[in-house]
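For reference, final.cif is printed below; it contains mmCIF, N, CA and C atoms.
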data_my_file
#
loop_
_atom_site.label_atom_id
_atom_site.label_comp_id
_atom_site.auth_asym_id
_atom_site.auth_seq_id
_atom_site.Cartn_x
_atom_site.Cartn_y
_atom_site.Cartn_z
N GLN N 1023 107.40 153.18 50.97
CA GLN N 1023 106.27 153.05 51.89
C GLN N 1023 105.05 152.57 51.13
N VAL N 1024 104.18 151.84 51.83
CA VAL N 1024 102.97 151.28 51.24
C VAL N 1024 101.75 152.03 51.78
N GLN N 1025 100.85 152.37 50.88
CA GLN N 1025 99.56 152.95 51.27
C GLN N 1025 98.46 151.95 50.98
N LEU N 1026 97.50 151.86 51.88
CA LEU N 1026 96.40 150.91 51.77
C LEU N 1026 95.07 151.64 51.87
N VAL N 1027 94.16 151.32 50.96
CA VAL N 1027 92.83 151.91 50.97
C VAL N 1027 91.81 150.78 50.96
N GLU N 1028 90.97 150.76 51.98
CA GLU N 1028 89.95 149.71 52.12
C GLU N 1028 88.60 150.20 51.61
N SER N 1029 87.78 149.25 51.21
CA SER N 1029 86.41 149.54 50.83
C SER N 1029 85.57 148.29 51.02
N GLY N 1030 84.25 148.47 51.01
CA GLY N 1030 83.36 147.33 51.04
C GLY N 1030 82.63 147.09 52.33
N GLY N 1031 82.92 147.84 53.37
CA GLY N 1031 82.19 147.65 54.61
C GLY N 1031 80.76 148.15 54.49
N GLY N 1032 79.99 147.88 55.54
CA GLY N 1032 78.61 148.35 55.54
C GLY N 1032 77.76 147.59 56.51
N LEU N 1033 76.45 147.72 56.32
CA LEU N 1033 75.46 147.08 57.18
C LEU N 1033 74.82 145.92 56.42
N VAL N 1034 74.74 144.77 57.07
CA VAL N 1034 74.16 143.59 56.45
C VAL N 1034 73.41 142.81 57.51
N GLN N 1035 72.39 142.08 57.09
CA GLN N 1035 71.66 141.23 58.02
C GLN N 1035 72.42 139.94 58.27
N ALA N 1036 72.17 139.36 59.42
CA ALA N 1036 72.79 138.08 59.74
C ALA N 1036 72.49 137.06 58.64
N GLY N 1037 73.52 136.30 58.29
CA GLY N 1037 73.40 135.35 57.21
C GLY N 1037 73.81 135.90 55.86
N GLY N 1038 73.98 137.20 55.78
CA GLY N 1038 74.35 137.83 54.53
C GLY N 1038 75.84 137.79 54.27
N SER N 1039 76.23 138.48 53.20
CA SER N 1039 77.62 138.48 52.76
C SER N 1039 78.11 139.89 52.47
N LEU N 1040 79.40 140.07 52.63
CA LEU N 1040 80.08 141.30 52.23
C LEU N 1040 81.45 140.92 51.71
N ARG N 1041 81.98 141.77 50.83
CA ARG N 1041 83.35 141.58 50.38
C ARG N 1041 84.12 142.86 50.64
N LEU N 1042 85.19 142.72 51.40
CA LEU N 1042 86.08 143.85 51.66
C LEU N 1042 87.24 143.82 50.67
N SER N 1043 87.66 145.01 50.26
CA SER N 1043 88.81 145.13 49.37
C SER N 1043 89.85 146.02 50.01
N CYS N 1044 91.09 145.75 49.71
CA CYS N 1044 92.20 146.56 50.22
C CYS N 1044 93.20 146.74 49.09
N ALA N 1045 93.26 147.94 48.57
CA ALA N 1045 94.14 148.24 47.43
C ALA N 1045 95.44 148.86 47.93
N ALA N 1046 96.54 148.31 47.49
CA ALA N 1046 97.86 148.78 47.90
C ALA N 1046 98.49 149.63 46.81
N SER N 1047 99.22 150.65 47.23
CA SER N 1047 99.99 151.48 46.30
C SER N 1047 101.30 151.86 46.97
N GLY N 1048 102.18 152.43 46.19
CA GLY N 1048 103.49 152.79 46.73
C GLY N 1048 104.50 151.69 46.46
N ASN N 1049 105.26 151.36 47.47
CA ASN N 1049 106.34 150.38 47.33
C ASN N 1049 105.79 148.95 47.42
N ILE N 1050 104.93 148.61 46.47
CA ILE N 1050 104.20 147.34 46.54
C ILE N 1050 105.09 146.13 46.30
N PHE N 1051 106.21 146.31 45.65
CA PHE N 1051 107.04 145.16 45.30
C PHE N 1051 107.74 144.55 46.51
N SER N 1052 107.73 145.30 47.61
CA SER N 1052 108.37 144.78 48.82
C SER N 1052 107.37 144.07 49.74
N ILE N 1053 106.08 144.05 49.35
CA ILE N 1053 105.07 143.46 50.23
C ILE N 1053 105.20 141.95 50.30
N ASN N 1054 105.17 141.43 51.49
CA ASN N 1054 105.14 139.97 51.70
C ASN N 1054 103.70 139.58 52.05
N ALA N 1055 103.41 139.46 53.31
CA ALA N 1055 102.07 139.05 53.72
C ALA N 1055 101.12 140.24 53.79
N MET N 1056 99.86 139.96 53.57
CA MET N 1056 98.79 140.92 53.77
C MET N 1056 97.67 140.22 54.53
N GLY N 1057 96.82 141.03 55.14
CA GLY N 1057 95.73 140.40 55.88
C GLY N 1057 94.79 141.41 56.48
N TRP N 1058 93.91 140.88 57.33
CA TRP N 1058 92.87 141.68 57.96
C TRP N 1058 92.82 141.40 59.45
N TYR N 1059 92.71 142.47 60.21
CA TYR N 1059 92.40 142.39 61.63
C TYR N 1059 91.00 143.01 61.82
N ARG N 1060 90.41 142.70 62.96
CA ARG N 1060 89.18 143.39 63.34
C ARG N 1060 89.21 143.71 64.82
N GLN N 1061 88.45 144.75 65.17
CA GLN N 1061 88.42 145.17 66.56
C GLN N 1061 87.07 145.77 66.89
N THR N 1062 86.57 145.41 68.08
CA THR N 1062 85.36 146.01 68.63
C THR N 1062 85.73 146.66 69.95
N PRO N 1063 84.99 147.70 70.36
CA PRO N 1063 85.30 148.37 71.62
C PRO N 1063 85.34 147.41 72.79
N GLY N 1064 86.38 147.49 73.58
CA GLY N 1064 86.49 146.66 74.77
C GLY N 1064 87.06 145.28 74.52
N LYS N 1065 87.34 144.96 73.26
CA LYS N 1065 87.89 143.65 72.95
C LYS N 1065 89.27 143.80 72.32
N GLN N 1066 90.05 142.74 72.46
CA GLN N 1066 91.38 142.75 71.87
C GLN N 1066 91.28 142.63 70.37
N ARG N 1067 92.19 143.28 69.67
CA ARG N 1067 92.21 143.18 68.22
C ARG N 1067 92.48 141.73 67.81
N GLU N 1068 91.76 141.26 66.82
CA GLU N 1068 91.83 139.87 66.40
C GLU N 1068 92.30 139.77 64.97
N LEU N 1069 93.26 138.89 64.73
CA LEU N 1069 93.67 138.60 63.36
C LEU N 1069 92.60 137.74 62.72
N VAL N 1070 92.01 138.21 61.65
CA VAL N 1070 90.93 137.49 60.98
C VAL N 1070 91.48 136.53 59.95
N ALA N 1071 92.34 137.02 59.07
CA ALA N 1071 92.88 136.19 58.00
C ALA N 1071 94.13 136.85 57.46
N SER N 1072 95.01 136.02 56.92
CA SER N 1072 96.22 136.53 56.29
C SER N 1072 96.56 135.69 55.08
N ILE N 1073 97.35 136.27 54.19
CA ILE N 1073 97.76 135.58 52.98
C ILE N 1073 99.17 136.02 52.63
N THR N 1074 100.02 135.06 52.30
CA THR N 1074 101.39 135.38 51.95
C THR N 1074 101.49 135.71 50.47
N SER N 1075 102.66 136.15 50.06
CA SER N 1075 102.88 136.47 48.65
C SER N 1075 102.77 135.22 47.77
N ARG N 1076 102.93 134.06 48.37
CA ARG N 1076 102.81 132.80 47.63
C ARG N 1076 101.39 132.24 47.69
N GLY N 1077 100.52 132.91 48.43
CA GLY N 1077 99.13 132.47 48.47
C GLY N 1077 98.75 131.59 49.64
N SER N 1078 99.65 131.35 50.55
CA SER N 1078 99.30 130.58 51.73
C SER N 1078 98.41 131.41 52.64
N THR N 1079 97.37 130.79 53.14
CA THR N 1079 96.37 131.51 53.94
C THR N 1079 96.29 130.99 55.36
N ASN N 1080 95.78 131.86 56.23
CA ASN N 1080 95.59 131.50 57.63
C ASN N 1080 94.33 132.22 58.10
N TYR N 1081 93.51 131.53 58.91
CA TYR N 1081 92.25 132.09 59.37
C TYR N 1081 92.09 131.93 60.87
N ALA N 1082 91.38 132.87 61.46
CA ALA N 1082 90.96 132.70 62.84
C ALA N 1082 89.92 131.58 62.90
N ASP N 1083 89.91 130.85 63.99
CA ASP N 1083 88.94 129.76 64.15
C ASP N 1083 87.51 130.28 64.01
N SER N 1084 87.28 131.49 64.47
CA SER N 1084 85.92 132.03 64.49
C SER N 1084 85.36 132.31 63.10
N VAL N 1085 86.21 132.38 62.08
CA VAL N 1085 85.73 132.69 60.73
C VAL N 1085 86.01 131.55 59.75
N MET N 1086 86.67 130.50 60.21
CA MET N 1086 87.03 129.39 59.34
C MET N 1086 85.77 128.82 58.68
N GLY N 1087 85.83 128.66 57.36
CA GLY N 1087 84.71 128.10 56.63
C GLY N 1087 83.68 129.13 56.20
N ARG N 1088 83.78 130.34 56.72
CA ARG N 1088 82.83 131.41 56.35
C ARG N 1088 83.52 132.54 55.58
N PHE N 1089 84.75 132.82 55.92
CA PHE N 1089 85.48 133.90 55.27
C PHE N 1089 86.56 133.33 54.36
N THR N 1090 86.83 134.03 53.28
CA THR N 1090 87.89 133.64 52.36
C THR N 1090 88.73 134.85 52.01
N ILE N 1091 90.03 134.73 52.20
CA ILE N 1091 90.94 135.79 51.81
C ILE N 1091 91.58 135.42 50.48
N SER N 1092 91.73 136.40 49.63
CA SER N 1092 92.37 136.17 48.33
C SER N 1092 93.17 137.40 47.95
N ARG N 1093 94.00 137.22 46.95
CA ARG N 1093 94.93 138.29 46.60
C ARG N 1093 95.07 138.33 45.09
N ASP N 1094 94.90 139.50 44.51
CA ASP N 1094 95.09 139.72 43.07
C ASP N 1094 96.35 140.56 42.93
N ASN N 1095 97.45 139.91 42.62
CA ASN N 1095 98.72 140.62 42.56
C ASN N 1095 98.76 141.62 41.40
N ALA N 1096 98.02 141.33 40.33
CA ALA N 1096 98.00 142.25 39.19
C ALA N 1096 97.33 143.57 39.57
N LYS N 1097 96.37 143.50 40.48
CA LYS N 1097 95.67 144.70 40.93
C LYS N 1097 96.18 145.21 42.27
N ASN N 1098 97.17 144.51 42.82
CA ASN N 1098 97.72 144.91 44.12
C ASN N 1098 96.63 145.04 45.17
N THR N 1099 95.73 144.08 45.15
CA THR N 1099 94.55 144.15 46.01
C THR N 1099 94.35 142.83 46.73
N VAL N 1100 93.98 142.92 47.99
CA VAL N 1100 93.60 141.73 48.74
C VAL N 1100 92.11 141.87 49.10
N TYR N 1101 91.42 140.75 49.08
CA TYR N 1101 89.99 140.71 49.32
C TYR N 1101 89.68 139.84 50.53
N LEU N 1102 88.58 140.16 51.18
CA LEU N 1102 88.06 139.31 52.24
C LEU N 1102 86.58 139.08 51.95
N GLN N 1103 86.27 137.91 51.46
CA GLN N 1103 84.88 137.52 51.21
C GLN N 1103 84.31 136.97 52.50
N MET N 1104 83.25 137.59 52.98
CA MET N 1104 82.65 137.20 54.25
C MET N 1104 81.24 136.71 54.00
N ASN N 1105 81.01 135.44 54.26
CA ASN N 1105 79.70 134.81 54.08
C ASN N 1105 79.15 134.38 55.43
N SER N 1106 77.86 134.11 55.44
CA SER N 1106 77.19 133.65 56.66
C SER N 1106 77.54 134.53 57.85
N LEU N 1107 77.43 135.80 57.65
CA LEU N 1107 77.84 136.75 58.68
C LEU N 1107 76.96 136.64 59.92
N LYS N 1108 77.58 136.86 61.06
CA LYS N 1108 76.91 136.79 62.35
C LYS N 1108 77.03 138.15 63.06
N PRO N 1109 76.12 138.46 63.96
CA PRO N 1109 76.24 139.72 64.70
C PRO N 1109 77.59 139.89 65.38
N GLU N 1110 78.18 138.78 65.82
CA GLU N 1110 79.49 138.88 66.49
C GLU N 1110 80.63 139.20 65.53
N ASP N 1111 80.35 139.24 64.23
CA ASP N 1111 81.35 139.68 63.26
C ASP N 1111 81.41 141.20 63.16
N THR N 1112 80.48 141.88 63.82
CA THR N 1112 80.47 143.34 63.80
C THR N 1112 81.77 143.88 64.39
N ALA N 1113 82.45 144.73 63.64
CA ALA N 1113 83.74 145.27 64.07
C ALA N 1113 84.24 146.26 63.02
N VAL N 1114 85.32 146.94 63.38
CA VAL N 1114 86.09 147.69 62.39
C VAL N 1114 87.16 146.76 61.85
N TYR N 1115 87.15 146.60 60.55
CA TYR N 1115 88.11 145.71 59.89
C TYR N 1115 89.21 146.55 59.27
N SER N 1116 90.45 146.17 59.57
CA SER N 1116 91.60 146.92 59.08
C SER N 1116 92.52 145.99 58.30
N CYS N 1117 92.94 146.48 57.17
CA CYS N 1117 93.86 145.75 56.31
C CYS N 1117 95.29 146.10 56.69
N TYR N 1118 96.21 145.15 56.53
CA TYR N 1118 97.62 145.45 56.75
C TYR N 1118 98.46 144.83 55.64
N ALA N 1119 99.67 145.35 55.51
CA ALA N 1119 100.63 144.80 54.56
C ALA N 1119 102.01 144.85 55.20
N ASP N 1120 102.71 143.75 55.11
CA ASP N 1120 104.06 143.64 55.68
C ASP N 1120 105.11 143.70 54.59
N ASP N 1121 106.11 144.54 54.79
CA ASP N 1121 107.31 144.48 53.97
C ASP N 1121 108.48 144.21 54.91
N PRO N 1122 109.69 144.10 54.41
CA PRO N 1122 110.81 143.74 55.30
C PRO N 1122 111.09 144.72 56.43
N PHE N 1123 110.51 145.92 56.35
CA PHE N 1123 110.86 146.95 57.33
C PHE N 1123 109.72 147.36 58.24
N ARG N 1124 108.49 147.21 57.82
CA ARG N 1124 107.38 147.73 58.62
C ARG N 1124 106.06 147.07 58.23
N ARG N 1125 105.08 147.31 59.07
CA ARG N 1125 103.70 146.92 58.78
C ARG N 1125 102.92 148.21 58.51
N SER N 1126 102.26 148.24 57.37
CA SER N 1126 101.42 149.37 57.00
C SER N 1126 99.97 149.01 57.23
N TRP N 1127 99.16 150.03 57.56
CA TRP N 1127 97.76 149.81 57.88
C TRP N 1127 96.85 150.67 57.01
N GLY N 1128 95.69 150.12 56.73
CA GLY N 1128 94.63 150.90 56.13
C GLY N 1128 93.88 151.68 57.19
N GLN N 1129 92.90 152.46 56.75
CA GLN N 1129 92.18 153.34 57.68
C GLN N 1129 91.08 152.62 58.45
N GLY N 1130 90.72 151.43 58.01
CA GLY N 1130 89.68 150.67 58.68
C GLY N 1130 88.32 150.90 58.03
N THR N 1131 87.50 149.88 58.04
CA THR N 1131 86.15 149.98 57.50
C THR N 1131 85.19 149.25 58.44
N GLN N 1132 84.04 149.87 58.68
CA GLN N 1132 83.09 149.33 59.63
C GLN N 1132 82.22 148.27 58.97
N VAL N 1133 82.09 147.15 59.64
CA VAL N 1133 81.16 146.10 59.25
C VAL N 1133 80.18 145.91 60.40
N THR N 1134 78.90 146.04 60.08
CA THR N 1134 77.86 145.88 61.09
C THR N 1134 76.89 144.81 60.62
N VAL N 1135 76.69 143.80 61.45
CA VAL N 1135 75.78 142.70 61.13
C VAL N 1135 74.60 142.76 62.10
N SER N 1136 73.42 142.96 61.56
CA SER N 1136 72.23 143.05 62.40
C SER N 1136 71.58 141.68 62.56
N SER N 1137 70.97 141.47 63.70
CA SER N 1137 70.34 140.17 63.97
C SER N 1137 68.89 140.15 63.52
#
So that I can check it, write out the structure of this file as structure tokens.
Amino acid sequence: QVQLVESGGGLVQAGGSLRLSCAASGNIFSINAMGWYRQTPGKQRELVASITSRGSTNYADSVMGRFTISRDNAKNTVYLQMNSLKPEDTAVYSCYADDPFRRSWGQGTQVTVSS
């Protein structure tokens, strides 16, 4: 089983930046893709970005060009660099990791962007 611990959320002004981290432990050698979802009350959960074990990335249209996902396999950590943040980026961001049997989730971290 994989355990995920997120960090890096917080409050930032519009136009600012934050970097989220998601550290994996446990059965890390079985992890394939990792990524981030976000959710706000009353809205559907949105896939923000994902990265495969080979480094292929995918982004939501709403964050393309502003967010960058990266992965440090030596540290078993995936990062989400968020630049040019907008109030509509405010959400709980949750990290996930896929192995051949299940998807594991982190506890979520709040990102709040003030206007």
Step by step, work through what the PyMOL selection byres (((chain N and resi 1083-1089 and name CA) around 7) and name CA) selects in the shown file, and finish by giving those residues as a PDB file with N, CA and C atoms, in the frame of the given file.
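Now in out_27.pdb:
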ATOM      1  N   TYR N1081      93.510 131.530  58.910  1.00  0.00           N
ATOM      2  CA  TYR N1081      92.250 132.090  59.370  1.00  0.00           C
ATOM      3  C   TYR N1081      92.090 131.930  60.870  1.00  0.00           C
ATOM      4  N   ALA N1082      91.380 132.870  61.460  1.00  0.00           N
ATOM      5  CA  ALA N1082      90.960 132.700  62.840  1.00  0.00           C
ATOM      6  C   ALA N1082      89.920 131.580  62.900  1.00  0.00           C
ATOM      7  N   THR N1090      86.830 134.030  53.280  1.00  0.00           N
ATOM      8  CA  THR N1090      87.890 133.640  52.360  1.00  0.00           C
ATOM      9  C   THR N1090      88.730 134.850  52.010  1.00  0.00           C
ATOM     10  N   ILE N1091      90.030 134.730  52.200  1.00  0.00           N
ATOM     11  CA  ILE N1091      90.940 135.790  51.810  1.00  0.00           C
ATOM     12  C   ILE N1091      91.580 135.420  50.480  1.00  0.00           C
ATOM     13  N   LEU N1102      88.580 140.160  51.180  1.00  0.00           N
ATOM     14  CA  LEU N1102      88.060 139.310  52.240  1.00  0.00           C
ATOM     15  C   LEU N1102      86.580 139.080  51.950  1.00  0.00           C
ATOM     16  N   GLN N1103      86.270 137.910  51.460  1.00  0.00           N
ATOM     17  CA  GLN N1103      84.880 137.520  51.210  1.00  0.00           C
ATOM     18  C   GLN N1103      84.310 136.970  52.500  1.00  0.00           C
ATOM     19  N   MET N1104      83.250 137.590  52.980  1.00  0.00           N
ATOM     20  CA  MET N1104      82.650 137.200  54.250  1.00  0.00           C
ATOM     21  C   MET N1104      81.240 136.710  54.000  1.00  0.00           C
ATOM     22  N   ASN N1105      81.010 135.440  54.260  1.00  0.00           N
ATOM     23  CA  ASN N1105      79.700 134.810  54.080  1.00  0.00           C
ATOM     24  C   ASN N1105      79.150 134.380  55.430  1.00  0.00           C
ATOM     25  N   SER N1106      77.860 134.110  55.440  1.00  0.00           N
ATOM     26  CA  SER N1106      77.190 133.650  56.660  1.00  0.00           C
ATOM     27  C   SER N1106      77.540 134.530  57.850  1.00  0.00           C
TER      28      SER N1106
END
| said: I'd like the residues picked by the PyMOL selection byres (((chain N and resi 1026-1029 and name CA) around 9) and name CA) written out as a PyMOL selection string, using the chain letters and numbers from the file. | reply: chain N and resi 1024-1025+1030-1031+1041-1048+1115-1119+1126-1131
Write the residues of the preceding selection, restricted to N, CA and C atoms, as an mmCIF file, in the frame of the given file.
data_model
loop_
_atom_site.group_PDB
_atom_site.id
_atom_site.type_symbol
_atom_site.label_atom_id
_atom_site.label_comp_id
_atom_site.auth_asym_id
_atom_site.auth_seq_id
_atom_site.Cartn_x
_atom_site.Cartn_y
_atom_site.Cartn_z
ATOM 1 N N VAL N 1024 104.180 151.840 51.830
ATOM 2 C CA VAL N 1024 102.970 151.280 51.240
ATOM 3 C C VAL N 1024 101.750 152.030 51.780
ATOM 4 N N GLN N 1025 100.850 152.370 50.880
ATOM 5 C CA GLN N 1025 99.560 152.950 51.270
ATOM 6 C C GLN N 1025 98.460 151.950 50.980
ATOM 7 N N GLY N 1030 84.250 148.470 51.010
ATOM 8 C CA GLY N 1030 83.360 147.330 51.040
ATOM 9 C C GLY N 1030 82.630 147.090 52.330
ATOM 10 N N GLY N 1031 82.920 147.840 53.370
ATOM 11 C CA GLY N 1031 82.190 147.650 54.610
ATOM 12 C C GLY N 1031 80.760 148.150 54.490
ATOM 13 N N ARG N 1041 81.980 141.770 50.830
ATOM 14 C CA ARG N 1041 83.350 141.580 50.380
ATOM 15 C C ARG N 1041 84.120 142.860 50.640
ATOM 16 N N LEU N 1042 85.190 142.720 51.400
ATOM 17 C CA LEU N 1042 86.080 143.850 51.660
ATOM 18 C C LEU N 1042 87.240 143.820 50.670
ATOM 19 N N SER N 1043 87.660 145.010 50.260
ATOM 20 C CA SER N 1043 88.810 145.130 49.370
ATOM 21 C C SER N 1043 89.850 146.020 50.010
ATOM 22 N N CYS N 1044 91.090 145.750 49.710
ATOM 23 C CA CYS N 1044 92.200 146.560 50.220
ATOM 24 C C CYS N 1044 93.200 146.740 49.090
ATOM 25 N N ALA N 1045 93.260 147.940 48.570
ATOM 26 C CA ALA N 1045 94.140 148.240 47.430
ATOM 27 C C ALA N 1045 95.440 148.860 47.930
ATOM 28 N N ALA N 1046 96.540 148.310 47.490
ATOM 29 C CA ALA N 1046 97.860 148.780 47.900
ATOM 30 C C ALA N 1046 98.490 149.630 46.810
ATOM 31 N N SER N 1047 99.220 150.650 47.230
ATOM 32 C CA SER N 1047 99.990 151.480 46.300
ATOM 33 C C SER N 1047 101.300 151.860 46.970
ATOM 34 N N GLY N 1048 102.180 152.430 46.190
ATOM 35 C CA GLY N 1048 103.490 152.790 46.730
ATOM 36 C C GLY N 1048 104.500 151.690 46.460
ATOM 37 N N TYR N 1115 87.150 146.600 60.550
ATOM 38 C CA TYR N 1115 88.110 145.710 59.890
ATOM 39 C C TYR N 1115 89.210 146.550 59.270
ATOM 40 N N SER N 1116 90.450 146.170 59.570
ATOM 41 C CA SER N 1116 91.600 146.920 59.080
ATOM 42 C C SER N 1116 92.520 145.990 58.300
ATOM 43 N N CYS N 1117 92.940 146.480 57.170
ATOM 44 C CA CYS N 1117 93.860 145.750 56.310
ATOM 45 C C CYS N 1117 95.290 146.100 56.690
ATOM 46 N N TYR N 1118 96.210 145.150 56.530
ATOM 47 C CA TYR N 1118 97.620 145.450 56.750
ATOM 48 C C TYR N 1118 98.460 144.830 55.640
ATOM 49 N N ALA N 1119 99.670 145.350 55.510
ATOM 50 C CA ALA N 1119 100.630 144.800 54.560
ATOM 51 C C ALA N 1119 102.010 144.850 55.200
ATOM 52 N N SER N 1126 102.260 148.240 57.370
ATOM 53 C CA SER N 1126 101.420 149.370 57.000
ATOM 54 C C SER N 1126 99.970 149.010 57.230
ATOM 55 N N TRP N 1127 99.160 150.030 57.560
ATOM 56 C CA TRP N 1127 97.760 149.810 57.880
ATOM 57 C C TRP N 1127 96.850 150.670 57.010
ATOM 58 N N GLY N 1128 95.690 150.120 56.730
ATOM 59 C CA GLY N 1128 94.630 150.900 56.130
ATOM 60 C C GLY N 1128 93.880 151.680 57.190
ATOM 61 N N GLN N 1129 92.900 152.460 56.750
ATOM 62 C CA GLN N 1129 92.180 153.340 57.680
ATOM 63 C C GLN N 1129 91.080 152.620 58.450
ATOM 64 N N GLY N 1130 90.720 151.430 58.010
ATOM 65 C CA GLY N 1130 89.680 150.670 58.680
ATOM 66 C C GLY N 1130 88.320 150.900 58.030
ATOM 67 N N THR N 1131 87.500 149.880 58.040
ATOM 68 C CA THR N 1131 86.150 149.980 57.500
ATOM 69 C C THR N 1131 85.190 149.250 58.440
#
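Pairwise distance (atom CA of N:Lys1097, atom CA of N:Ile1050) equals 10.5 Å.
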| request: Please identify which residues in stretch 1025-1111 of chain N DSSP calls strand (DSSP E) from the backbone, and express them as number ranges by chain. | output: N: 1025-1029, 1032-1035, 1040-1048, 1056-1061, 1068-1073, 1079-1081, 1089-1094, 1099-1104
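A straight line drawn from atom CA of N:Glu1110 to atom CA of N:Tyr1059 is 14.2 Å long.
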| note | The residue from N:Leu1069, N:Val1034, N:Ala1113, N:Ala1096 with the smallest atom-to-atom distance to N:Ser1137, counting only N, CA and C atoms, is N:Val1034
| message | One decimal, in Å: what's the spacing between atom C of N:Ala1055 and atom N of N:Asp1111? | response |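 Between atom C of N:Ala1055 and atom N of N:Asp1111 the gap is 23.3 Å.
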| Could you spell out the hits of the PyMOL selection byres (((chain N and resi 1092 and name CA) around 10) and name CA) on the shown file, as a PyMOL selection string? | chain N and resi 1043+1056-1057+1071-1074+1077-1079+1090-1091+1093-1095+1099-1103
| Quick one: of N:Arg1067, N:Phe1123, N:Lys1108, N:Gln1132, who's nearest to N:Ser1039, counting only C-alpha atoms? |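 That would be N:Lys1108, the residue with the smallest distance to N:Ser1039.
Minimum distance to N:Val1114 across N:Asn1049, N:Gln1035, N:Gln1023, N:Thr1062 (counting all atoms listed in the file) occurs at N:Thr1062.
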Which of stretch 1049-1116 of chain N end up as helix (DSSP H, G or I) when DSSP is run on this backbone - answer as a CSV table (one decimal) with N, CA and C atoms, in the frame of the given file?
chain,number,residue,atom,x,y,z
N,1050,ILE,N,104.9,148.6,46.5
N,1050,ILE,CA,104.2,147.3,46.5
N,1050,ILE,C,105.1,146.1,46.3
N,1051,PHE,N,106.2,146.3,45.6
N,1051,PHE,CA,107.0,145.2,45.3
N,1051,PHE,C,107.7,144.6,46.5
N,1052,SER,N,107.7,145.3,47.6
N,1052,SER,CA,108.4,144.8,48.8
N,1052,SER,C,107.4,144.1,49.7
N,1109,PRO,N,76.1,138.5,64.0
N,1109,PRO,CA,76.2,139.7,64.7
N,1109,PRO,C,77.6,139.9,65.4
N,1110,GLU,N,78.2,138.8,65.8
N,1110,GLU,CA,79.5,138.9,66.5
N,1110,GLU,C,80.6,139.2,65.5
N,1111,ASP,N,80.4,139.2,64.2
N,1111,ASP,CA,81.4,139.7,63.3
N,1111,ASP,C,81.4,141.2,63.2
